[in-house]
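Since the structure comes first, as structure tokens, the remarks are kept for the end.
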Amino acid sequence: MTDEWIEQYGITEGGFDTITNCKYEVPPITAIGRVYQQLVLDVAKENEEVQAIIDVFSSFISDEISNFNSSVYYSNPQYLECSYKEGVLLS
């Protein structure tokens, strides 16, 4: 099934190492997943959840959330949702 999704959505390989240069303790993978899950659920339209996953992970906000040297990961879910929708981190 995974290979079918990769082909269907044109997902390419990439370098996603956000841990090597991290100066702080990296949150557990389940905690990171919850942040992304909440954002995807907040922005997904009904029956378009897969597209929302792709959109969130390919947007600027994914890099910001995954930069564990910043505080974005720890931000309020509503802040992340509003920033994602605006296309920039809000002040």
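Residue numbering restarts at 1 in every chain; chains get A, B, ... in the order shown in the structure tokens, and ligands count up from 1 in that same order.
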
Excluding Pro77 of chain A and residues on its chain fewer than 4 positions from it, collect all residues at most 8 Å away from it, counting only C-alpha atoms, and give them as a PDB file with N, CA and C atoms, in the first residue's frame.
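Resulting contents of result-v6.pdb:
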```
ATOM      1  N   VAL A  35       1.610  16.382  17.360  1.00  0.00           N
ATOM      2  CA  VAL A  35       1.596  17.770  16.881  1.00  0.00           C
ATOM      3  C   VAL A  35       1.152  17.806  15.419  1.00  0.00           C
ATOM      4  N   GLN A  38      -2.605  16.717  15.004  1.00  0.00           N
ATOM      5  CA  GLN A  38      -3.546  17.780  15.361  1.00  0.00           C
ATOM      6  C   GLN A  38      -3.633  18.826  14.255  1.00  0.00           C
ATOM      7  N   LEU A  39      -2.489  19.206  13.708  1.00  0.00           N
ATOM      8  CA  LEU A  39      -2.493  20.204  12.641  1.00  0.00           C
ATOM      9  C   LEU A  39      -3.221  19.680  11.404  1.00  0.00           C
ATOM     10  N   GLU A  81      -2.086  26.200  13.416  1.00  0.00           N
ATOM     11  CA  GLU A  81      -3.127  26.183  12.390  1.00  0.00           C
ATOM     12  C   GLU A  81      -3.224  27.537  11.684  1.00  0.00           C
TER      13      GLU A  81
END
```

Got a sec: who's within 12 Å of segment 9-16 of chain A, counting only C-alpha atoms, leaving out chain neighbours fewer than 6 positions off, as a PyMOL selection string? chain A and resi 2-3+50-51+53-55+57-58+62-63+66-67

What lies within 7 Å of segment 23-27 of chain A using only C-alpha atoms, ignoring chain neighbours under 5 positions off, as JSON, numbers by chain? {"A": [32, 68, 69]}

Could you work out how far atom CA of Thr30 of chain A lies from atom CA of Gln78 of chain A, giving the answer in Å with one decimal? 19.6 Å
